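> Just target15.tsv, nothing more (TSV, C-alpha atoms):
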```tsv
chain	number	residue	atom	x	y	z
A	1	MET	CA	-154.23	-4.30	112.27
A	2	SER	CA	-150.69	-3.00	111.79
A	3	HIS	CA	-150.14	0.74	111.98
A	4	PRO	CA	-147.24	2.95	110.95
A	5	ALA	CA	-144.63	3.50	113.63
A	6	GLN	CA	-144.62	6.86	115.39
A	7	GLY	CA	-142.93	9.44	113.17
A	8	SER	CA	-143.83	7.63	109.95
A	9	ARG	CA	-146.17	9.61	107.74
A	10	PRO	CA	-148.74	7.30	106.11
A	11	GLY	CA	-149.65	7.77	102.49
A	12	SER	CA	-148.21	7.68	99.02
A	13	ARG	CA	-144.94	9.38	100.08
A	14	THR	CA	-144.02	6.46	102.34
A	15	VAL	CA	-141.01	4.30	101.45
A	16	VAL	CA	-141.42	0.59	102.17
A	17	VAL	CA	-138.60	-1.85	102.87
A	18	ILE	CA	-139.50	-5.55	102.52
A	19	GLY	CA	-137.09	-7.75	104.47
A	20	ALA	CA	-135.30	-7.56	107.80
A	21	GLY	CA	-131.95	-9.20	107.17
A	22	PRO	CA	-128.70	-7.21	106.97
A	23	TYR	CA	-129.62	-5.52	103.68
A	24	GLY	CA	-133.17	-4.67	104.71
A	25	LEU	CA	-132.21	-3.35	108.14
A	26	SER	CA	-129.35	-1.32	106.71
A	27	ALA	CA	-131.52	0.18	103.95
A	28	ALA	CA	-134.27	1.07	106.42
A	29	ALA	CA	-131.80	2.75	108.77
A	30	HIS	CA	-130.22	4.80	105.97
A	31	LEU	CA	-133.58	5.80	104.52
A	32	ARG	CA	-134.90	6.95	107.89
A	33	ALA	CA	-131.68	8.89	108.55
A	34	ALA	CA	-132.23	10.65	105.20
A	35	GLY	CA	-135.44	12.07	106.63
A	36	LEU	CA	-137.81	9.83	104.68
A	37	SER	CA	-141.02	8.29	105.96
A	38	VAL	CA	-140.19	4.59	106.19
A	39	ARG	CA	-142.15	1.44	106.94
A	40	ALA	CA	-140.13	-1.75	107.18
A	41	PHE	CA	-141.55	-5.27	107.31
A	42	GLY	CA	-140.08	-8.62	108.26
A	43	ASP	CA	-138.80	-10.95	110.95
A	44	PRO	CA	-135.37	-9.62	112.00
A	45	MET	CA	-132.54	-11.94	110.93
A	46	HIS	CA	-134.97	-14.73	110.10
A	47	SER	CA	-132.79	-16.41	107.49
A	48	TRP	CA	-129.71	-16.28	109.69
A	49	ARG	CA	-131.61	-17.60	112.69
A	50	ASP	CA	-133.84	-20.23	111.07
A	51	THR	CA	-132.22	-21.42	107.83
A	52	MET	CA	-128.55	-21.86	108.72
A	53	PRO	CA	-127.14	-24.69	110.83
A	54	ALA	CA	-125.89	-24.01	114.33
A	55	GLY	CA	-122.12	-24.00	114.56
A	56	MET	CA	-121.51	-22.30	111.22
A	57	PHE	CA	-119.25	-19.29	110.75
A	58	LEU	CA	-119.36	-16.37	108.37
A	59	LYS	CA	-116.98	-16.66	105.45
A	60	SER	CA	-116.13	-12.95	105.68
A	61	THR	CA	-113.62	-11.51	108.13
A	62	PRO	CA	-114.81	-9.62	111.25
A	63	ASP	CA	-114.07	-6.19	109.75
A	64	ALA	CA	-116.20	-7.14	106.70
A	65	SER	CA	-119.10	-8.40	108.83
A	66	THR	CA	-120.55	-5.07	109.91
A	67	ILE	CA	-124.01	-3.99	108.74
A	68	SER	CA	-123.79	-0.50	107.27
A	69	ALA	CA	-125.32	2.19	109.47
A	70	PRO	CA	-125.86	5.88	108.64
A	71	ALA	CA	-123.65	6.96	111.56
A	72	PRO	CA	-120.84	5.41	113.64
A	73	GLY	CA	-121.56	3.32	116.70
A	74	HIS	CA	-123.35	0.29	115.28
A	75	ALA	CA	-120.56	-1.93	113.97
A	76	LEU	CA	-120.02	-5.50	115.12
A	77	PRO	CA	-117.36	-4.43	117.69
A	78	ASP	CA	-119.78	-1.79	119.04
A	79	PHE	CA	-122.38	-4.49	119.65
A	80	CYS	CA	-119.82	-6.66	121.44
A	81	ARG	CA	-118.79	-3.77	123.68
A	82	ALA	CA	-122.42	-2.94	124.46
A	83	THR	CA	-123.26	-6.53	125.41
A	84	GLY	CA	-119.98	-7.58	127.00
A	85	GLU	CA	-119.24	-10.20	124.36
A	86	THR	CA	-115.79	-10.88	122.99
A	87	ALA	CA	-115.39	-9.32	119.56
A	88	PRO	CA	-113.63	-11.41	116.88
A	89	SER	CA	-110.54	-9.64	115.63
A	90	ASP	CA	-108.23	-9.75	112.62
A	91	HIS	CA	-108.96	-12.99	110.81
A	92	GLU	CA	-110.83	-14.77	113.58
A	93	ARG	CA	-114.08	-16.46	112.63
A	94	VAL	CA	-117.46	-14.85	113.24
A	95	PRO	CA	-119.97	-17.40	114.64
A	96	ILE	CA	-123.36	-17.23	113.00
A	97	GLU	CA	-125.02	-17.06	116.41
A	98	LEU	CA	-123.00	-13.95	117.30
A	99	PHE	CA	-123.82	-12.31	113.99
A	100	THR	CA	-127.53	-13.08	114.41
A	101	ARG	CA	-127.56	-11.44	117.85
A	102	TYR	CA	-125.72	-8.46	116.36
A	103	GLY	CA	-128.33	-8.06	113.62
A	104	GLN	CA	-131.16	-8.20	116.14
A	105	TRP	CA	-129.42	-5.53	118.25
A	106	PHE	CA	-128.91	-3.39	115.15
A	107	GLN	CA	-132.65	-3.62	114.50
A	108	ARG	CA	-133.56	-2.61	118.05
A	109	GLU	CA	-131.15	0.32	117.93
A	110	LEU	CA	-131.78	1.70	114.45
A	111	VAL	CA	-134.96	0.15	113.08
A	112	PRO	CA	-137.29	0.05	116.13
A	113	PHE	CA	-140.16	0.85	113.79
A	114	LEU	CA	-139.86	-2.57	112.10
A	115	GLU	CA	-143.25	-4.24	111.74
A	116	ARG	CA	-143.43	-8.04	112.00
A	117	SER	CA	-146.27	-8.20	109.46
A	118	SER	CA	-145.76	-9.80	106.06
A	119	VAL	CA	-146.32	-8.00	102.77
A	120	LEU	CA	-148.71	-10.10	100.71
A	121	SER	CA	-148.84	-8.02	97.56
A	122	VAL	CA	-147.26	-5.03	95.83
A	123	ARG	CA	-149.11	-3.58	92.85
A	124	GLN	CA	-148.68	-0.44	90.81
A	125	SER	CA	-151.49	2.00	91.55
A	126	ASP	CA	-153.57	3.71	88.90
A	127	SER	CA	-152.52	7.16	90.09
A	128	ALA	CA	-150.31	9.40	87.98
A	129	ASP	CA	-147.58	9.58	90.63
A	130	GLY	CA	-146.45	5.99	90.01
A	131	SER	CA	-147.07	4.92	93.59
A	132	PHE	CA	-147.69	1.35	94.75
A	133	ASN	CA	-150.58	-0.31	96.56
A	134	LEU	CA	-149.56	-2.80	99.24
A	135	ALA	CA	-151.54	-5.36	101.25
A	136	LEU	CA	-150.38	-6.91	104.53
A	137	ASP	CA	-151.27	-10.20	106.16
A	138	THR	CA	-153.05	-8.15	108.84
A	139	GLY	CA	-155.61	-7.00	106.31
A	140	GLU	CA	-154.24	-3.46	106.10
A	141	THR	CA	-153.82	-1.85	102.70
A	142	PHE	CA	-151.92	1.36	102.01
A	143	SER	CA	-149.95	3.17	99.32
A	144	ALA	CA	-146.25	3.93	99.07
A	145	ARG	CA	-144.09	6.14	96.88
A	146	ALA	CA	-141.23	3.65	96.68
A	147	VAL	CA	-140.56	0.01	97.55
A	148	VAL	CA	-137.16	-1.52	98.38
A	149	VAL	CA	-137.06	-5.31	98.04
A	150	ALA	CA	-134.53	-6.71	100.50
A	151	SER	CA	-135.98	-10.18	100.98
A	152	GLY	CA	-132.59	-11.88	101.04
A	153	LEU	CA	-132.37	-15.51	99.97
A	154	THR	CA	-136.05	-16.26	100.56
A	155	GLY	CA	-137.43	-18.35	97.72
A	156	PHE	CA	-134.12	-18.66	95.91
A	157	ALA	CA	-132.86	-22.01	97.26
A	158	HIS	CA	-131.81	-24.16	94.32
A	159	VAL	CA	-132.11	-27.95	94.20
A	160	PRO	CA	-131.12	-29.60	90.87
A	161	ASP	CA	-133.99	-31.28	89.06
A	162	VAL	CA	-132.31	-34.67	89.29
A	163	LEU	CA	-132.52	-34.43	93.10
A	164	ALA	CA	-135.85	-32.65	93.32
A	165	GLN	CA	-137.57	-35.61	91.66
A	166	LEU	CA	-136.78	-37.66	94.79
A	167	ALA	CA	-139.16	-35.46	96.77
A	168	PRO	CA	-142.38	-34.79	94.80
A	169	ASP	CA	-143.74	-32.74	97.71
A	170	GLY	CA	-140.57	-30.70	97.90
A	171	PRO	CA	-137.23	-31.09	99.69
A	172	SER	CA	-137.41	-31.29	103.47
A	173	ALA	CA	-135.12	-31.96	106.40
A	174	ASP	CA	-136.92	-35.21	107.25
A	175	GLY	CA	-137.28	-36.45	103.67
A	176	PRO	CA	-134.83	-38.20	101.33
A	177	VAL	CA	-133.37	-34.92	100.07
A	178	SER	CA	-133.08	-31.47	101.63
A	179	HIS	CA	-131.52	-28.11	100.85
A	180	SER	CA	-128.83	-26.78	103.18
A	181	SER	CA	-131.17	-23.90	104.11
A	182	GLN	CA	-133.63	-26.33	105.69
A	183	HIS	CA	-131.46	-27.27	108.65
A	184	THR	CA	-130.87	-25.40	111.88
A	185	ASP	CA	-129.15	-28.37	113.54
A	186	LEU	CA	-127.29	-30.90	111.41
A	187	ALA	CA	-126.81	-33.08	114.50
A	188	ALA	CA	-130.32	-34.36	113.72
A	189	LEU	CA	-128.67	-36.47	110.99
A	190	ALA	CA	-126.14	-38.05	113.38
A	191	GLY	CA	-125.71	-41.77	112.85
A	192	ARG	CA	-127.05	-41.62	109.27
A	193	SER	CA	-125.21	-41.77	105.97
A	194	VAL	CA	-125.41	-38.49	104.09
A	195	LEU	CA	-124.33	-37.50	100.59
A	196	VAL	CA	-123.56	-33.77	100.47
A	197	VAL	CA	-123.81	-32.32	96.95
A	198	GLY	CA	-121.81	-29.16	96.28
A	199	ALA	CA	-118.32	-27.69	96.53
A	200	GLY	CA	-118.87	-24.29	98.14
A	201	GLN	CA	-118.64	-23.06	101.70
A	202	SER	CA	-122.06	-24.35	102.73
A	203	ALA	CA	-121.30	-27.81	101.31
A	204	LEU	CA	-117.87	-28.12	102.88
A	205	GLU	CA	-118.85	-26.67	106.23
A	206	GLY	CA	-122.09	-28.64	106.25
A	207	ALA	CA	-120.16	-31.85	105.56
A	208	ALA	CA	-117.69	-30.98	108.34
A	209	LEU	CA	-120.51	-30.33	110.82
A	210	LEU	CA	-122.21	-33.58	109.86
A	211	HIS	CA	-118.98	-35.53	110.26
A	212	GLU	CA	-118.32	-33.93	113.64
A	213	ALA	CA	-121.88	-34.77	114.73
A	214	GLY	CA	-121.37	-38.45	113.96
A	215	ALA	CA	-122.87	-38.81	110.48
A	216	GLN	CA	-121.22	-40.88	107.75
A	217	VAL	CA	-120.47	-38.24	105.14
A	218	GLU	CA	-119.42	-38.29	101.51
A	219	LEU	CA	-119.21	-35.17	99.36
A	220	VAL	CA	-120.06	-35.11	95.64
A	221	ALA	CA	-118.77	-32.17	93.58
A	222	ARG	CA	-118.89	-31.49	89.86
A	223	THR	CA	-115.78	-29.29	90.10
A	224	PRO	CA	-112.53	-31.13	89.24
A	225	ARG	CA	-111.27	-30.55	92.76
A	226	VAL	CA	-112.40	-29.01	96.02
A	227	ARG	CA	-110.73	-25.66	96.68
A	228	PHE	CA	-109.95	-23.73	99.85
A	229	GLY	CA	-108.87	-20.14	100.20
A	230	GLY	CA	-105.32	-19.39	101.30
A	231	PRO	CA	-104.57	-18.27	104.84
A	232	PRO	CA	-104.16	-14.51	105.35
A	233	ALA	CA	-100.38	-14.65	105.38
A	234	SER	CA	-100.24	-16.41	102.00
A	235	GLY	CA	-101.09	-13.35	99.91
A	236	LEU	CA	-98.28	-11.60	98.09
A	237	ARG	CA	-97.47	-8.19	99.54
A	238	TRP	CA	-98.44	-6.33	96.38
A	239	GLN	CA	-101.97	-7.77	96.52
A	240	PRO	CA	-104.36	-5.54	98.50
A	241	GLU	CA	-106.67	-7.06	101.09
A	242	SER	CA	-110.37	-7.42	100.32
A	243	PRO	CA	-113.20	-8.72	102.53
A	244	MET	CA	-112.69	-12.13	100.91
A	245	GLY	CA	-108.94	-12.31	100.66
A	246	PRO	CA	-105.93	-10.63	99.01
A	247	ALA	CA	-106.33	-9.97	95.28
A	248	TRP	CA	-106.49	-6.94	93.02
A	249	SER	CA	-109.67	-8.20	91.34
A	250	LEU	CA	-111.48	-8.77	94.63
A	251	TRP	CA	-110.31	-5.42	96.00
A	252	ALA	CA	-111.58	-3.60	92.89
A	253	MET	CA	-115.00	-5.26	92.94
A	254	ALA	CA	-115.43	-4.63	96.65
A	255	ARG	CA	-114.20	-1.03	96.47
A	256	TYR	CA	-115.89	0.06	93.22
A	257	PRO	CA	-119.14	-1.88	92.67
A	258	GLN	CA	-120.35	0.91	90.37
A	259	ALA	CA	-117.62	-0.02	87.88
A	260	PHE	CA	-119.14	-3.49	87.49
A	261	ARG	CA	-122.43	-2.33	85.96
A	262	PRO	CA	-121.08	-1.02	82.60
A	263	LEU	CA	-119.56	-4.41	81.76
A	264	PRO	CA	-121.34	-6.53	79.12
A	265	PRO	CA	-124.25	-8.52	80.66
A	266	GLY	CA	-122.79	-11.90	79.76
A	267	LEU	CA	-119.48	-11.05	81.40
A	268	ARG	CA	-121.23	-9.79	84.52
A	269	LEU	CA	-123.20	-13.03	84.87
A	270	ARG	CA	-120.05	-15.09	84.42
A	271	LEU	CA	-118.16	-13.08	87.03
A	272	VAL	CA	-121.02	-13.36	89.53
A	273	LYS	CA	-120.91	-17.11	89.07
A	274	GLU	CA	-117.15	-17.62	89.03
A	275	VAL	CA	-115.64	-14.89	91.26
A	276	LEU	CA	-115.87	-16.05	94.85
A	277	GLY	CA	-117.27	-19.24	93.38
A	278	PRO	CA	-117.31	-22.69	94.98
A	279	SER	CA	-114.59	-22.89	97.60
A	280	GLY	CA	-114.13	-23.23	101.33
A	281	ALA	CA	-112.66	-20.70	103.70
A	282	TRP	CA	-109.02	-21.23	104.60
A	283	TRP	CA	-109.88	-22.08	108.20
A	284	LEU	CA	-112.17	-24.89	107.05
A	285	ARG	CA	-109.43	-26.96	105.41
A	286	PRO	CA	-108.34	-28.88	108.57
A	287	ARG	CA	-111.95	-29.89	109.21
A	288	ALA	CA	-112.72	-31.04	105.66
A	289	ASP	CA	-109.64	-31.78	103.54
A	290	GLY	CA	-108.98	-35.53	103.74
A	291	VAL	CA	-111.41	-35.95	106.63
A	292	PHE	CA	-114.26	-37.60	104.67
A	293	PRO	CA	-114.51	-39.06	101.15
A	294	VAL	CA	-114.80	-36.52	98.34
A	295	HIS	CA	-115.95	-37.51	94.86
A	296	ALA	CA	-114.79	-34.57	92.75
A	297	GLY	CA	-115.32	-34.07	89.02
A	298	ARG	CA	-118.64	-35.94	89.03
A	299	GLN	CA	-121.88	-34.85	87.40
A	300	LEU	CA	-125.22	-36.11	88.68
A	301	ARG	CA	-126.77	-38.33	86.03
A	302	GLY	CA	-129.68	-39.81	87.95
A	303	ALA	CA	-131.24	-40.44	91.34
A	304	ARG	CA	-133.58	-43.13	92.60
A	305	ARG	CA	-135.01	-44.60	95.77
A	306	GLU	CA	-134.17	-48.16	96.76
A	307	GLY	CA	-136.19	-48.95	99.85
A	308	ASP	CA	-135.30	-46.36	102.46
A	309	LYS	CA	-132.04	-45.51	100.69
A	310	VAL	CA	-131.17	-42.96	98.03
A	311	VAL	CA	-128.91	-43.90	95.12
A	312	LEU	CA	-127.17	-41.23	93.08
A	313	THR	CA	-125.70	-42.10	89.71
A	314	THR	CA	-122.68	-39.95	88.91
A	315	ALA	CA	-120.24	-39.81	86.02
A	316	THR	CA	-116.99	-38.12	85.13
A	317	PRO	CA	-116.69	-36.08	81.90
A	318	ALA	CA	-115.04	-39.16	80.41
A	319	GLY	CA	-118.13	-41.22	81.25
A	320	ALA	CA	-116.86	-43.25	84.20
A	321	ALA	CA	-119.98	-44.04	86.23
A	322	LEU	CA	-120.27	-44.46	89.98
A	323	ASP	CA	-123.35	-45.13	92.11
A	324	LEU	CA	-123.39	-43.70	95.62
A	325	THR	CA	-125.89	-44.83	98.26
A	326	ALA	CA	-126.95	-43.08	101.46
A	327	ASP	CA	-129.85	-42.47	103.82
A	328	HIS	CA	-130.15	-38.80	102.90
A	329	VAL	CA	-128.94	-36.26	100.34
A	330	LEU	CA	-128.08	-32.73	101.44
A	331	ALA	CA	-128.16	-30.36	98.46
A	332	ALA	CA	-125.75	-27.55	99.30
A	333	THR	CA	-126.30	-26.26	95.79
A	334	GLY	CA	-126.73	-22.58	96.51
A	335	TYR	CA	-129.31	-20.05	95.40
A	336	ARG	CA	-130.63	-18.80	92.07
A	337	VAL	CA	-132.39	-15.49	91.75
A	338	ASP	CA	-135.87	-16.01	90.37
A	339	LEU	CA	-138.25	-13.06	90.59
A	340	GLY	CA	-141.13	-15.49	90.14
A	341	ALA	CA	-140.26	-16.79	93.62
A	342	LEU	CA	-141.27	-13.43	95.15
A	343	PRO	CA	-145.04	-13.94	95.36
A	344	PHE	CA	-145.71	-10.47	96.76
A	345	LEU	CA	-144.76	-8.87	93.43
A	346	SER	CA	-147.82	-8.71	91.22
A	347	PRO	CA	-147.67	-10.48	87.84
A	348	GLU	CA	-147.91	-7.07	86.16
A	349	LEU	CA	-144.83	-5.81	88.00
A	350	ARG	CA	-142.85	-8.94	87.24
A	351	THR	CA	-143.73	-8.61	83.55
A	352	ARG	CA	-142.32	-5.07	83.48
A	353	LEU	CA	-139.02	-6.02	85.11
A	354	VAL	CA	-136.19	-6.32	82.59
A	355	ARG	CA	-133.79	-9.04	83.68
A	356	VAL	CA	-130.15	-9.97	83.29
A	357	GLY	CA	-130.24	-13.73	83.54
A	358	GLY	CA	-132.71	-14.17	86.39
A	359	PHE	CA	-131.57	-10.95	88.06
A	360	PRO	CA	-133.42	-7.63	87.79
A	361	ALA	CA	-131.64	-5.06	85.62
A	362	LEU	CA	-130.81	-2.09	87.85
A	363	ASP	CA	-129.82	1.48	87.09
A	364	ALA	CA	-126.97	3.36	88.74
A	365	GLY	CA	-129.17	4.05	91.78
A	366	MET	CA	-130.15	0.36	92.09
A	367	CYS	CA	-133.68	1.02	90.81
A	368	SER	CA	-135.30	-1.55	88.54
A	369	THR	CA	-137.01	-0.86	85.23
A	370	VAL	CA	-140.19	-0.23	87.23
A	371	PRO	CA	-139.68	3.34	88.53
A	372	GLY	CA	-139.87	3.39	92.32
A	373	LEU	CA	-139.03	-0.32	92.77
A	374	TRP	CA	-135.53	-0.96	94.14
A	375	PHE	CA	-133.66	-4.21	94.78
A	376	THR	CA	-130.75	-4.79	97.14
A	377	GLY	CA	-128.67	-7.76	98.25
A	378	LEU	CA	-128.29	-10.87	96.12
A	379	PRO	CA	-130.67	-9.70	93.33
A	380	ALA	CA	-128.32	-6.73	92.78
A	381	ALA	CA	-125.28	-8.94	92.16
A	382	ALA	CA	-125.66	-9.05	88.37
A	383	SER	CA	-125.55	-5.24	88.26
A	384	PHE	CA	-123.03	-4.43	90.98
A	385	GLY	CA	-120.95	-7.54	91.46
A	386	PRO	CA	-120.57	-10.62	93.65
A	387	PHE	CA	-119.96	-8.66	96.86
A	388	MET	CA	-123.69	-7.93	96.93
A	389	ARG	CA	-123.92	-11.51	98.20
A	390	PHE	CA	-122.07	-10.60	101.39
A	391	VAL	CA	-122.70	-8.34	104.39
A	392	CYS	CA	-119.96	-5.92	103.35
A	393	GLY	CA	-122.06	-5.00	100.31
A	394	THR	CA	-124.49	-3.11	102.56
A	395	ASP	CA	-122.01	-0.19	102.67
A	396	PHE	CA	-122.45	0.54	98.99
A	397	ALA	CA	-126.04	-0.57	98.52
A	398	SER	CA	-127.71	1.27	101.38
A	399	ALA	CA	-125.99	4.59	100.74
A	400	ARG	CA	-126.72	4.34	97.01
A	401	ILE	CA	-130.40	3.45	97.49
A	402	SER	CA	-131.09	6.06	100.17
A	403	ALA	CA	-129.59	8.80	97.98
A	404	ALA	CA	-131.62	7.68	94.94
A	405	VAL	CA	-134.89	7.36	96.85
A	406	ALA	CA	-134.37	10.72	98.53
A	407	ALA	CA	-133.74	12.33	95.13
A	408	ARG	CA	-136.91	10.78	93.74
A	409	ALA	CA	-138.94	11.90	96.75
A	410	GLY	CA	-137.52	15.41	96.49
A	411	GLY	CA	-138.40	15.64	92.85
A	412	SER	CA	-141.92	14.28	93.18
```
Any chance you could put this one into structure tokens?

Amino acid sequence: MSHPAQGSRPGSRTVVVIGAGPYGLSAAAHLRAAGLSVRAFGDPMHSWRDTMPAGMFLKSTPDASTISAPAPGHALPDFCRATGETAPSDHERVPIELFTRYGQWFQRELVPFLERSSVLSVRQSDSADGSFNLALDTGETFSARAVVVASGLTGFAHVPDVLAQLAPDGPSADGPVSHSSQHTDLAALAGRSVLVVGAGQSALEGAALLHEAGAQVELVARTPRVRFGGPPASGLRWQPESPMGPAWSLWAMARYPQAFRPLPPGLRLRLVKEVLGPSGAWWLRPRADGVFPVHAGRQLRGARREGDKVVLTTATPAGAALDLTADHVLAATGYRVDLGALPFLSPELRTRLVRVGGFPALDAGMCSTVPGLWFTGLPAAASFGPFMRFVCGTDFASARISAAVAARAGGS
């Protein structure tokens, strides 16, 4: 049976953090530093370690790849100094393996009370204080005053229906179609023909890694053309730098996420989809642009199996059809927030959650419409902007949540 870490006071005044990626670890560290009783659950850096291919790099710059801590001394360069590793500087790339080790070090340093148990259910209790009843996979049950959902991308992988029908039992790395999150080593597809569907960073970098591993790669994108960001020196001097490149709009959304929330819901959803939308990092262009065939401006119209091959039927907006055949289809088609994909939330809680698109509607303190239930990371993007999809968003989110939870605890 799992037990609270030393210094954590069990009972209804406990704050629970579900998830141990950058957002979960950062939130737990900030909450504990605020003097709150915290229990955190999860496998540290699981998604980064087990759902992203080896050899990938973060899209963000090194100075935007630090997990927010409540005090100095736990930034990415601090980790590199402590371990004797070379810290990326300026606009150098951050290898995913380095970032994963950094996150695990951050957990050991600031969230040593992390419990590796899984939360099976979160239900509202019948008590008047609005607390929650939680059950763990160890069999333990307990109550908590507040719950912070920081489960990252888990459950949100999106595969278009036209591709999903190729795999009735679900996409998988060894089946005819897979999602990009199902590969830790794309070299396993070496020597095979692979159609990569998508136009974002994961599609372009995944296609580059496949090509470099010896696969025969073609990329299929519905966007009219594949885009890459400009190199750092290409920005005009009057454009301020942001974690994702020089632009006033990006700088404003990164610097003032709170200004995003008052915008009309439809506009917020459109900005989340289009700002920092499908494109490759500037440093990826030499590895992808003109290196393998790209079929841009093509919608998927159908998919079928022919023996051990997969055939995709595509068409341009004008109706020009083209069939593409390969051994495997890699769907680098991103993630869609769907609260129904979080099985630990009881049906009653999910019913009470007001949504913006598929995202939970959040107040200024990042609390949902269920008092005491907070969301951080990607699910917060529709309320606080697209930078909630990136590590740099932990600066805003963790400070905002810890202040709001502390205020609620103080007033209860």
> Just the number, please: distance in Å from CA of Val162 (chain A) to CA of Val337 (chain A), one decimal.
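It comes out at 19.3 Å.
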> Considering all atoms listed in the file, return as JSON, numbers by chain whatever protein or nucleic-acid residues lie within 7 Å of Pro70 (chain A), sequence-local ones (same chain, fewer than 4 positions apart) excluded.
{"A": [29, 30, 33]}
> Any idea what the distance is between CA of Ala296 (chain A) and CA of Pro224 (chain A)?
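Value for the CA of Ala296 (chain A)-CA of Pro224 (chain A) distance: 5.4 Å.
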> Give me the region 303-388 of chain A side of the contact with region 216-219 of chain A, cut-off 10 Å, one line per residue showing its nearest atom pair and distance in Å at one decimal, counting all atoms listed in the file, sorted by chain and residue number, as a Markdown table.

```
| residue | atom | partner | partner_atom | distance |
| --- | --- | --- | --- | --- |
| A:Leu324 | CA | A:Glu218 | CA | 8.9 |
| A:Thr325 | CA | A:Glu218 | CA | 9.8 |
| A:Ala326 | CA | A:Gln216 | CA | 8.8 |
| A:Asp327 | CA | A:Gln216 | CA | 9.6 |
| A:His328 | CA | A:Val217 | CA | 10.0 |
| A:Val329 | CA | A:Glu218 | CA | 9.8 |
| A:Leu330 | CA | A:Leu219 | CA | 9.4 |
```
> Counting only C-alpha atoms, which of A:Thr333, A:Ser178, A:Gln165, A:Ser89 gets nearest to Gly302 (chain A)?
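Checking each candidate against Gly302 (chain A), we get A:Gln165 as the closest.
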